[in-house]
Structures are given as structure tokens and as C-alpha cells.
file my_file12.txt (compact mmCIF, C-alpha atoms)
# COMPACT_ATOMS: atom_id res chain seq x y z
CA MET A 1 99.44 75.08 93.22
CA ARG A 2 98.51 77.83 95.66
CA PRO A 3 97.79 81.26 94.09
CA ALA A 4 100.00 84.30 94.63
CA LEU A 5 97.58 85.31 97.40
CA ARG A 6 96.25 82.91 99.98
CA ASN A 7 92.95 84.82 100.21
CA PRO A 8 92.60 87.24 97.25
CA GLU A 9 89.11 88.27 98.31
CA ARG A 10 90.46 89.77 101.55
CA ILE A 11 92.47 92.43 99.65
CA ALA A 12 89.33 94.52 99.12
CA SER A 13 89.40 95.13 102.87
CA ALA A 14 92.73 94.51 104.57
CA PRO A 15 92.23 92.46 107.73
CA PRO A 16 92.98 94.28 110.99
CA SER A 17 95.81 91.87 111.73
CA PRO A 18 99.39 93.22 111.50
CA HIS A 19 101.25 94.00 108.28
CA ILE A 20 104.93 94.75 107.58
CA VAL A 21 106.13 97.35 105.07
CA THR A 22 109.85 97.78 104.35
CA GLY A 23 111.25 100.92 102.80
CA ALA A 24 108.17 102.37 104.44
CA LEU A 25 109.41 105.94 104.84
CA GLY A 26 110.26 106.36 101.17
CA GLY A 27 107.72 107.75 98.75
CA LEU A 28 106.26 104.43 97.57
CA GLY A 29 106.49 102.73 100.94
CA LEU A 30 104.66 105.52 102.74
CA LEU A 31 101.88 105.39 100.16
CA VAL A 32 101.53 101.66 100.81
CA VAL A 33 101.32 102.21 104.58
CA GLN A 34 98.56 104.77 104.05
CA TRP A 35 96.75 102.45 101.67
CA LEU A 36 96.84 99.52 104.10
CA VAL A 37 95.38 101.66 106.88
CA GLU A 38 92.71 102.98 104.54
CA GLN A 39 91.82 99.38 103.67
CA GLY A 40 91.35 98.50 107.33
CA ALA A 41 94.76 97.42 108.63
CA ALA A 42 94.87 98.29 112.33
CA HIS A 43 98.60 97.68 112.88
CA VAL A 44 101.48 98.32 110.48
CA VAL A 45 105.12 97.63 111.29
CA VAL A 46 107.02 100.38 109.47
CA CYS A 47 110.60 99.38 108.58
CA ALA A 48 113.17 101.90 107.39
CA ARG A 49 116.90 102.50 107.49
CA THR A 50 116.66 106.01 108.98
CA SER A 51 114.31 108.04 111.16
CA PRO A 52 111.21 109.61 109.61
CA SER A 53 111.53 112.99 107.95
CA PRO A 54 109.23 115.70 109.33
CA GLN A 55 106.87 115.08 106.41
CA ALA A 56 106.83 111.30 106.97
CA ARG A 57 106.37 111.80 110.72
CA LYS A 58 103.35 113.96 110.01
CA VAL A 59 101.81 111.21 107.86
CA LEU A 60 102.45 108.53 110.49
CA ASP A 61 101.02 110.72 113.26
CA GLY A 62 97.92 111.26 111.16
CA LEU A 63 97.47 107.51 110.70
CA GLU A 64 97.79 106.94 114.43
CA ARG A 65 95.20 109.63 115.13
CA SER A 66 92.88 107.74 112.80
CA GLY A 67 93.14 104.72 115.08
CA ALA A 68 95.96 102.69 113.51
CA THR A 69 98.92 101.43 115.49
CA ILE A 70 102.30 102.14 113.91
CA SER A 71 105.43 100.31 115.10
CA LEU A 72 108.72 101.76 113.83
CA ILE A 73 111.72 99.48 113.24
CA LEU A 74 114.94 101.23 112.15
CA GLY A 75 117.94 99.61 110.45
CA ASP A 76 118.76 97.54 107.38
CA ILE A 77 115.94 95.07 106.85
CA ARG A 78 118.46 92.28 106.26
CA ASP A 79 119.33 92.72 109.96
CA THR A 80 115.91 93.64 111.39
CA ALA A 81 113.51 91.22 109.67
CA GLU A 82 113.16 88.98 112.73
CA GLN A 83 112.55 92.03 114.91
CA ALA A 84 109.85 93.27 112.53
CA VAL A 85 108.07 89.91 112.52
CA ALA A 86 108.27 89.75 116.32
CA ALA A 87 106.78 93.25 116.62
CA ALA A 88 103.95 92.30 114.29
CA SER A 89 103.27 89.04 116.09
CA GLU A 90 102.84 90.84 119.40
CA LYS A 91 99.70 92.48 117.97
CA GLY A 92 98.17 89.42 116.36
CA THR A 93 98.68 87.05 113.43
CA LEU A 94 100.89 88.56 110.72
CA SER A 95 98.78 88.98 107.60
CA GLY A 96 100.89 90.52 104.88
CA VAL A 97 104.35 91.77 103.88
CA VAL A 98 105.24 94.47 101.37
CA HIS A 99 108.96 94.63 100.61
CA ALA A 100 109.51 98.08 99.10
CA ALA A 101 113.03 98.73 100.42
CA ALA A 102 115.50 99.89 97.78
CA VAL A 103 118.76 101.75 97.40
CA VAL A 104 119.39 103.22 93.96
CA GLU A 105 122.92 104.31 93.13
CA ASP A 106 123.81 105.27 89.58
CA ALA A 107 127.15 104.07 88.30
CA THR A 108 128.44 102.74 85.03
CA LEU A 109 129.69 99.15 85.21
CA ALA A 110 133.34 100.16 85.44
CA ASN A 111 132.52 102.21 88.55
CA VAL A 112 130.49 99.59 90.43
CA SER A 113 132.55 99.05 93.57
CA ALA A 114 132.11 96.34 96.20
CA LYS A 115 130.78 98.95 98.65
CA LEU A 116 128.25 100.27 96.16
CA LEU A 117 127.09 96.77 95.30
CA ASP A 118 126.68 95.92 98.98
CA ARG A 119 124.57 99.04 99.62
CA VAL A 120 122.26 98.28 96.71
CA TRP A 121 122.13 94.53 97.37
CA ALA A 122 121.57 94.78 101.14
CA GLY A 123 118.09 96.23 101.12
CA LYS A 124 116.57 94.74 97.99
CA ALA A 125 118.05 91.24 97.78
CA GLU A 126 119.41 90.35 101.23
CA GLY A 127 116.49 92.15 102.84
CA ALA A 128 114.07 90.05 100.80
CA TRP A 129 115.83 86.86 101.84
CA SER A 130 115.75 87.84 105.52
CA LEU A 131 112.02 88.58 105.25
CA HIS A 132 111.44 85.30 103.46
CA GLN A 133 113.15 83.33 106.21
CA ALA A 134 111.60 85.33 109.04
CA THR A 135 108.06 84.78 107.75
CA LEU A 136 108.32 81.06 107.06
CA GLY A 137 105.68 79.28 109.10
CA HIS A 138 103.37 82.31 109.18
CA GLU A 139 100.03 81.97 107.41
CA LEU A 140 100.30 85.11 105.29
CA ASP A 141 97.63 86.44 102.96
CA PHE A 142 100.27 88.04 100.76
CA TRP A 143 104.02 88.55 100.39
CA ILE A 144 104.75 91.34 97.90
CA GLY A 145 108.11 92.33 96.46
CA PHE A 146 108.48 95.69 94.71
CA SER A 147 110.78 95.10 91.76
CA SER A 148 111.61 97.39 88.85
CA VAL A 149 111.34 97.43 85.07
CA ALA A 150 115.12 97.80 85.26
CA SER A 151 115.34 94.04 85.78
CA LEU A 152 113.28 93.47 82.61
CA LEU A 153 114.46 96.18 80.22
CA GLY A 154 117.81 97.05 81.72
CA SER A 155 118.75 100.57 82.72
CA PRO A 156 122.11 102.04 81.70
CA GLY A 157 124.07 103.10 84.75
CA GLN A 158 122.01 100.92 87.10
CA ALA A 159 123.60 97.50 86.74
CA ALA A 160 123.70 96.84 90.49
CA TYR A 161 120.09 97.94 90.97
CA ALA A 162 118.88 95.83 88.05
CA ALA A 163 120.76 92.79 89.36
CA ALA A 164 119.30 93.13 92.88
CA ASN A 165 115.79 93.41 91.48
CA SER A 166 116.38 90.41 89.23
CA TRP A 167 117.38 88.38 92.29
CA LEU A 168 114.13 89.45 93.99
CA ASP A 169 112.19 88.36 90.90
CA ASP A 170 113.66 84.88 91.19
CA LEU A 171 112.84 84.73 94.89
CA ILE A 172 109.20 85.55 94.07
CA ALA A 173 109.17 82.73 91.51
CA TRP A 174 110.78 80.35 94.00
CA ARG A 175 108.24 81.17 96.71
CA HIS A 176 105.37 80.59 94.30
CA ALA A 177 106.86 77.28 93.18
CA HIS A 178 106.95 76.20 96.83
CA ASN A 179 103.29 77.10 97.46
CA LEU A 180 104.09 80.28 99.40
CA PRO A 181 102.18 83.54 98.81
CA ALA A 182 104.22 85.60 96.36
CA THR A 183 103.55 88.68 94.25
CA GLY A 184 106.22 90.57 92.34
CA ILE A 185 105.60 93.90 90.62
CA HIS A 186 108.09 95.44 88.19
CA TRP A 187 107.28 99.13 88.66
CA GLY A 188 108.15 101.81 86.16
CA PRO A 189 108.97 105.35 87.34
CA TRP A 190 106.43 107.11 89.58
CA SER A 191 105.70 110.82 89.50
CA GLU A 192 105.80 112.86 92.72
CA VAL A 193 107.40 110.08 94.78
CA GLY A 194 110.47 107.86 94.51
CA ARG A 195 113.87 108.21 92.88
CA GLY A 196 112.48 107.91 89.36
CA GLN A 197 110.31 111.03 89.47
CA GLY A 198 113.01 113.11 87.77
CA MET A 199 112.59 111.02 84.62
CA ALA A 200 109.47 113.04 83.79
CA GLN A 201 111.78 115.89 82.79
CA ARG A 202 113.30 113.59 80.15
CA GLY A 203 109.98 112.87 78.53
CA PHE A 204 109.19 109.52 80.13
CA ALA A 205 105.59 108.55 80.85
CA MET A 206 105.09 108.27 84.60
CA ILE A 207 102.87 106.45 87.10
CA SER A 208 100.90 108.84 89.29
CA PRO A 209 100.52 107.89 92.98
CA HIS A 210 96.77 107.40 92.58
CA GLU A 211 97.23 105.23 89.48
CA GLY A 212 100.00 103.19 91.10
CA ILE A 213 98.07 102.39 94.26
CA ASP A 214 95.04 101.49 92.18
CA ALA A 215 97.24 99.19 90.07
CA LEU A 216 98.63 97.57 93.23
CA HIS A 217 95.10 96.91 94.44
CA ARG A 218 94.03 95.39 91.11
CA ILE A 219 97.17 93.25 90.73
CA LEU A 220 96.61 91.79 94.20
CA ARG A 221 92.93 91.15 93.61
CA ALA A 222 93.76 89.36 90.35
CA GLY A 223 96.26 87.11 92.15
CA HIS A 224 99.07 87.62 89.61
CA VAL A 225 102.48 86.26 90.55
CA GLN A 226 104.69 88.63 88.53
CA THR A 227 103.51 91.71 86.71
CA ALA A 228 105.25 94.62 85.03
CA TYR A 229 103.39 97.90 85.36
CA SER A 230 104.76 100.90 83.52
CA PRO A 231 103.52 103.29 80.88
CA LEU A 232 106.13 102.80 78.19
CA ASP A 233 106.64 104.62 74.92
CA LEU A 234 108.99 102.16 73.25
CA SER A 235 109.97 104.58 70.52
CA ARG A 236 110.99 107.10 73.16
CA TRP A 237 112.75 104.44 75.20
CA VAL A 238 114.93 103.13 72.39
CA ALA A 239 115.63 106.67 71.23
CA LEU A 240 117.24 107.32 74.62
CA TYR A 241 118.81 103.85 74.85
CA PRO A 242 119.57 102.94 71.21
CA GLN A 243 121.28 99.65 72.05
CA ALA A 244 118.08 98.44 73.72
CA ALA A 245 116.47 98.18 70.28
CA ASP A 246 118.52 95.03 69.66
CA ALA A 247 117.20 93.24 72.75
CA ALA A 248 115.28 90.02 72.09
CA LEU A 249 112.51 91.33 74.37
CA PHE A 250 111.56 93.90 71.70
CA THR A 251 111.77 91.60 68.67
CA ASP A 252 108.01 91.33 68.19
CA VAL A 253 107.04 94.85 69.23
CA LEU A 254 109.60 97.09 67.52
CA PRO A 255 109.40 97.11 63.71
CA ARG A 256 112.59 97.06 61.74
CA GLY A 257 113.63 100.36 60.31
CA ASN A 258 112.37 102.36 63.29
CA GLY A 259 115.19 104.83 63.05
CA THR A 260 117.42 103.35 65.75
CA GLU A 261 120.05 101.96 63.40
CA GLY A 262 121.81 105.28 63.00
CA ASN A 263 121.47 108.54 61.11
CA SER A 264 123.67 108.19 58.04
CA SER A 265 122.80 111.74 56.95
CA VAL A 266 125.07 113.09 59.68
CA LEU A 267 127.98 111.02 58.40
CA ASP A 268 127.17 112.01 54.81
CA ALA A 269 127.14 115.68 55.80
CA LEU A 270 130.45 115.39 57.63
CA THR A 271 132.02 113.65 54.64
CA ALA A 272 130.70 116.29 52.23
CA ALA A 273 131.83 119.25 54.35
CA THR A 274 134.37 121.43 52.52
CA SER A 275 136.11 122.96 55.54
CA ASP A 276 136.96 122.19 59.15
CA SER A 277 134.69 124.97 60.40
CA HIS A 278 131.79 123.65 58.32
CA ARG A 279 132.36 120.14 59.66
CA MET A 280 132.56 121.47 63.23
CA GLY A 281 129.26 123.30 62.78
CA ILE A 282 127.50 120.17 61.51
CA LEU A 283 128.75 118.06 64.41
CA LEU A 284 127.96 120.72 67.01
CA ASP A 285 124.38 120.97 65.76
CA HIS A 286 124.05 117.19 65.96
CA ILE A 287 125.56 116.94 69.45
CA ILE A 288 123.35 119.73 70.81
CA ALA A 289 120.25 118.15 69.27
CA CYS A 290 121.13 114.82 70.91
CA ILE A 291 121.67 116.53 74.26
CA ARG A 292 118.25 118.19 74.01
CA ASP A 293 116.57 114.87 73.28
CA CYS A 294 118.34 113.11 76.15
CA LEU A 295 117.20 115.88 78.50
CA GLY A 296 113.59 115.44 77.43
CA GLY A 297 113.47 118.17 74.78
CA THR A 298 114.74 120.91 77.08
CA THR A 299 114.28 124.48 75.85
CA ARG A 300 117.30 125.76 77.77
CA THR A 301 119.96 127.53 75.76
CA ILE A 302 122.79 125.19 74.86
CA THR A 303 125.85 126.76 73.27
CA PRO A 304 129.12 125.14 72.17
CA THR A 305 130.66 126.13 75.52
CA THR A 306 127.74 125.19 77.80
CA SER A 307 128.73 122.91 80.67
CA LEU A 308 126.88 119.60 80.31
CA VAL A 309 126.86 119.16 84.08
CA MET A 310 125.28 122.57 84.65
CA ILE A 311 122.32 121.77 82.37
CA GLY A 312 121.55 118.48 84.10
CA VAL A 313 123.60 115.78 82.37
CA ASP A 314 124.17 113.09 85.00
CA SER A 315 125.66 109.60 84.74
CA LEU A 316 122.50 108.10 83.22
CA THR A 317 122.11 110.91 80.69
CA ALA A 318 125.79 110.55 79.84
CA VAL A 319 125.23 106.88 78.99
CA GLN A 320 122.22 107.79 76.83
CA LEU A 321 124.13 110.54 75.04
CA SER A 322 127.22 108.45 74.38
CA GLN A 323 125.09 105.57 73.06
CA ARG A 324 123.15 107.86 70.74
CA LEU A 325 126.27 109.53 69.37
CA ALA A 326 128.00 106.17 68.96
CA ARG A 327 125.00 104.83 67.02
CA THR A 328 124.56 107.84 64.73
CA LEU A 329 128.28 108.45 64.12
CA LYS A 330 129.21 104.74 64.09
CA ILE A 331 132.24 105.14 66.36
CA LEU A 332 133.06 103.97 69.87
CA ILE A 333 132.45 106.72 72.45
CA GLU A 334 133.41 105.92 76.02
CA THR A 335 130.95 107.39 78.52
CA GLY A 336 133.80 108.82 80.60
CA ILE A 337 134.86 111.16 77.79
CA LEU A 338 131.86 113.36 78.58
CA TRP A 339 133.44 114.27 81.90
CA VAL A 340 136.83 114.91 80.28
CA LYS A 341 135.28 117.03 77.49
CA PRO A 342 132.18 118.41 79.29
CA THR A 343 131.03 120.88 76.64
CA PRO A 344 129.57 120.37 73.15
CA ARG A 345 132.66 121.94 71.57
CA GLY A 346 135.10 119.87 73.60
CA LEU A 347 133.15 116.73 72.77
CA ALA A 348 132.98 117.67 69.07
CA GLU A 349 136.74 118.24 68.92
CA TRP A 350 137.38 114.86 70.51
CA ILE A 351 134.95 113.11 68.13
CA LEU A 352 136.44 114.77 65.03
CA HIS A 353 139.87 113.62 66.13
CA ARG A 354 138.55 110.09 66.77
CA MET A 355 137.01 110.09 63.26
CA GLY A 356 140.32 111.12 61.72
CA TYR A 357 139.42 114.67 60.68
CA THR A 358 142.06 116.43 62.79
CA PRO A 359 145.78 115.65 62.65
CA THR A 360 146.50 116.23 66.35
CA SER A 361 144.77 115.36 69.56
CA PRO A 362 142.57 118.21 70.90
call {"tool": "encode", "arguments": {"input": "my_file12.txt", "output": "C-alpha cells"}}
result
Amino acid sequence: MRPALRNPERIASAPPSPHIVTGALGGLGLLVVQWLVEQGAAHVVVCARTSPSPQARKVLDGLERSGATISLILGDIRDTAEQAVAAASEKGTLSGVVHAAAVVEDATLANVSAKLLDRVWAGKAEGAWSLHQATLGHELDFWIGFSSVASLLGSPGQAAYAAANSWLDDLIAWRHAHNLPATGIHWGPWSEVGRGQGMAQRGFAMISPHEGIDALHRILRAGHVQTAYSPLDLSRWVALYPQAADAALFTDVLPRGNGTEGNSSVLDALTAATSDSHRMGILLDHIIACIRDCLGGTTRTITPTTSLVMIGVDSLTAVQLSQRLARTLKILIETGILWVKPTPRGLAEWILHRMGYTPTSP
């Protein structure tokens, strides 16, 4: 069986022959282009859906001044893979491919439309297949697919993205099984670059650009086929996604009784409350505390009438918040109710009615 890399020893110094990078004008892709040039690649075919931003153009111009040749191919990689391979082949023998293209669109499952699924699927999955077919017959040193921990752990609100990455994971496995160079990396969120950088504000551990590129280098040198790389505080993760604690993946690493089963003290306090106002106060305190945790321990003032949208609650945070409240209060809370009752008080009134404490609908 051929290893994930045809020539692992060559990764220490990328050969001057051409390389292809997709999603190359995004944060991660641009870092990879820079890294390849720094390692000795003389020609990089840069593939992206849209024209370079002024900042990306500045980086590419700098690489060309250093002596590298940059070829720019614009369009969806599922449609331009053959063009990219042809452009690379004009400069020599294609040496390596890094498929970093991705479209991330947050949507709960009920809101995943055919158009949204196509946008997410086109770059990651169909783009990977087009690259796979276009590079068959080329003696590559490596073929790398950038996947996500979303395909391993799941990610509420990102069903389409997780599915596309999972398809890429299987393609990596298939290539390896057929003696083709194949390396898949399930990346966690990166700081400073990429769509996931905002997760730092929610208390997630992040991958710095320097650490991530170093990890890429080491993973390639080791010749691994599929690797997950992400700093992960499991206690923090399951606190934000309580239902994840029941996943079989965590059976051996999360001890029972880790606090994810629900906070019965909140229910006990609500039951023991002697007045509606007392019960409302208990629930408001609990809801606001959950909101703070889901926003990474924010110190912003949150009052009963604070708009959840104005303080940064998006579709992913809404999923986290509804799951946490459902777990601690042991009731079903539809994620969409947060947009119908977008304040702590409105949400508390709806929950109290759902729990049977108010005679009429708020």
C-alpha cells in the first residue's frame, strides 16, 4: 500500500514544480500558498471563486517579487479543475494539490434549502471530485483535502457543511485505498483567519496561523492519511452543545456525571417558588446565565429586555442556547422560538407557559 505521500521526504523542501491550491484567497488557503513558496515552490496555481481582495493581492504580488510564479484561476473549482491542472502542467510536472476551498453557511436543518446545499457542496465535495478526476494520471507527491472537525464532532447549524466535509473524508480514504496520494486534515477553528475565528469570543481554544502551518508540515512529513487537529476542551464543548455528550465518540473520554445531564436545582427552585414574580426572577437569572456562557462568558450587560440579536446571538448560538435550556429545564425548546421571543423576558414568559405555570399564552 502506497503511503499518503509518494515522497514524504520532499515535504521539507517543496520541489520547484507546480502546485495547485484551491480556496487560495481565503485565510487558510493564502497561508498555504505562502508556505509552499517559502518551502521552495516556484509556481503555484491559485484557484478561487472571486478576484483577490486588496490584501490578498498584496500578498500575491509580494510572492511574485520573491521570484515565484502565480497563476490565478477564477471560478468554482468543480468547473475549473481541468483548467487549473492545464495551467500547472504548462510550467512543469504537477507536484501537489491542496484542496482548501469551502463555503460555510449556517442554517438549522429545517432551513437547509437546495440552493444552500448546492453552494456548500459545490466547492468542498464536487470540487474535490473534479480535482480527483483532473489529476488522475499525474505523479503527485501529495493530494491534501482540508476537512473540518465538524464532520467528526458535528456542529449545530452546519449540517450541510459537515456533510460536505464527510464526503471529502471518504474520498481521501478511497484515494488511499487505490494507492493514490491522499492526506485529509480535520481542522478545528483557526484564529486570525477563516470563518471560525469568531469562535474565540465564545471561549473556544483556537489554532494560531503559525501553529496550524507547523501542524500541516508535520502531518505531511509523518505521512498520515487522516488526522484531526484541534485544541479541544471537551468540557467546554459539551457545555455549549449538551446533546453532544451522548455521542458514542465521547464514551471513553467523558466521565459520567460531568454535569451535562441537566441542572435539577433550577427545576427545584421553580417548583418551590411561592409567586409568579419569584418564579420569573429565577428563570430570568438562569436564562441570562446560559446566554453569557454561550457567548463565551461575555461581560456585557444583559437585562430582561436586551435584544439577543444585538448582543451577538446568531443561528449557532441560538442552537447552543436552546439545547442548554432544553437540557436543564427538561422541556422541548424549538430553536426558532428565540427569534419569535428575542429577549430574556420574552423567552422566559414562553418557557413558563410551556411548563404550565401560566394559564394563557404570552
call {"tool": "residues_around", "arguments": {"input": "my_file12.txt", "residues": "Ser230 of chain A", "least_positions_apart": "6", "cutoff": "8 Å", "atoms": "all atoms listed in the file", "output": "PyMOL selection string"}}
result
chain A and resi 149+186-189+206-207
call {"tool": "atom_distance", "arguments": {"input": "my_file12.txt", "atom1": "atom CA of Ala122 of chain A", "atom2": "atom CA of Ala134 of chain A"}}
result
15.8 Å
call {"tool": "atom_distance", "arguments": {"input": "my_file12.txt", "atom1": "atom CA of Lys124 of chain A", "atom2": "atom CA of Ala100 of chain A"}}
result
7.9 Å
call {"tool": "atom_distance", "arguments": {"input": "my_file12.txt", "atom1": "atom CA of Ser307 of chain A", "atom2": "atom CA of Ile282 of chain A"}}
result
19.4 Å
call {"tool": "residues_around", "arguments": {"input": "my_file12.txt", "residues": "segment 76-90 of chain A", "least_positions_apart": "3", "cutoff": "9 Å", "atoms": "only C-alpha atoms", "output": "NGL selection string"}}
result
:A and (17-20 or 22-23 or 43-50 or 71-73 or 93-94 or 101 or 122-135)
call {"tool": "build_atoms", "arguments": {"input": "my_file12.txt", "residues": "segment 331-343 of chain A", "atoms": "N, CA, C and O atoms", "output": "PDB file, keeping the file's coordinate frame"}}
result
ATOM      1  N   ILE A 331     130.922 105.233  65.746  1.00  0.00           N
ATOM      2  CA  ILE A 331     132.240 105.140  66.360  1.00  0.00           C
ATOM      3  C   ILE A 331     132.047 104.764  67.826  1.00  0.00           C
ATOM      4  O   ILE A 331     130.947 104.882  68.368  1.00  0.00           O
ATOM      5  N   LEU A 332     133.106 104.291  68.462  1.00  0.00           N
ATOM      6  CA  LEU A 332     133.060 103.970  69.870  1.00  0.00           C
ATOM      7  C   LEU A 332     133.275 105.243  70.681  1.00  0.00           C
ATOM      8  O   LEU A 332     134.257 105.959  70.483  1.00  0.00           O
ATOM      9  N   ILE A 333     132.331 105.542  71.581  1.00  0.00           N
ATOM     10  CA  ILE A 333     132.450 106.720  72.450  1.00  0.00           C
ATOM     11  C   ILE A 333     132.337 106.253  73.895  1.00  0.00           C
ATOM     12  O   ILE A 333     131.268 105.831  74.337  1.00  0.00           O
ATOM     13  N   GLU A 334     133.438 106.308  74.614  1.00  0.00           N
ATOM     14  CA  GLU A 334     133.410 105.920  76.020  1.00  0.00           C
ATOM     15  C   GLU A 334     132.622 106.966  76.813  1.00  0.00           C
ATOM     16  O   GLU A 334     132.781 108.167  76.623  1.00  0.00           O
ATOM     17  N   THR A 335     131.764 106.484  77.729  1.00  0.00           N
ATOM     18  CA  THR A 335     130.950 107.390  78.520  1.00  0.00           C
ATOM     19  C   THR A 335     131.801 108.394  79.289  1.00  0.00           C
ATOM     20  O   THR A 335     131.447 109.568  79.419  1.00  0.00           O
ATOM     21  N   GLY A 336     132.954 107.948  79.786  1.00  0.00           N
ATOM     22  CA  GLY A 336     133.800 108.820  80.600  1.00  0.00           C
ATOM     23  C   GLY A 336     134.317 110.038  79.868  1.00  0.00           C
ATOM     24  O   GLY A 336     134.695 111.030  80.505  1.00  0.00           O
ATOM     25  N   ILE A 337     134.331 110.013  78.538  1.00  0.00           N
ATOM     26  CA  ILE A 337     134.860 111.160  77.790  1.00  0.00           C
ATOM     27  C   ILE A 337     134.005 112.392  77.998  1.00  0.00           C
ATOM     28  O   ILE A 337     134.478 113.525  77.872  1.00  0.00           O
ATOM     29  N   LEU A 338     132.729 112.205  78.360  1.00  0.00           N
ATOM     30  CA  LEU A 338     131.860 113.360  78.580  1.00  0.00           C
ATOM     31  C   LEU A 338     132.278 114.163  79.790  1.00  0.00           C
ATOM     32  O   LEU A 338     131.956 115.349  79.893  1.00  0.00           O
ATOM     33  N   TRP A 339     132.968 113.530  80.732  1.00  0.00           N
ATOM     34  CA  TRP A 339     133.440 114.270  81.900  1.00  0.00           C
ATOM     35  C   TRP A 339     134.811 114.883  81.635  1.00  0.00           C
ATOM     36  O   TRP A 339     135.188 115.853  82.300  1.00  0.00           O
ATOM     37  N   VAL A 340     135.532 114.336  80.667  1.00  0.00           N
ATOM     38  CA  VAL A 340     136.830 114.910  80.280  1.00  0.00           C
ATOM     39  C   VAL A 340     136.620 116.085  79.329  1.00  0.00           C
ATOM     40  O   VAL A 340     137.338 117.095  79.385  1.00  0.00           O
ATOM     41  N   LYS A 341     135.635 115.974  78.448  1.00  0.00           N
ATOM     42  CA  LYS A 341     135.280 117.030  77.490  1.00  0.00           C
ATOM     43  C   LYS A 341     133.829 117.436  77.756  1.00  0.00           C
ATOM     44  O   LYS A 341     132.921 117.099  76.999  1.00  0.00           O
ATOM     45  N   PRO A 342     133.559 118.193  78.826  1.00  0.00           N
ATOM     46  CA  PRO A 342     132.180 118.410  79.290  1.00  0.00           C
ATOM     47  C   PRO A 342     131.445 119.554  78.634  1.00  0.00           C
ATOM     48  O   PRO A 342     130.552 120.147  79.248  1.00  0.00           O
ATOM     49  N   THR A 343     131.779 119.883  77.394  1.00  0.00           N
ATOM     50  CA  THR A 343     131.030 120.880  76.640  1.00  0.00           C
ATOM     51  C   THR A 343     130.790 120.345  75.232  1.00  0.00           C
ATOM     52  O   THR A 343     131.534 119.468  74.766  1.00  0.00           O
TER      53      THR A 343
END
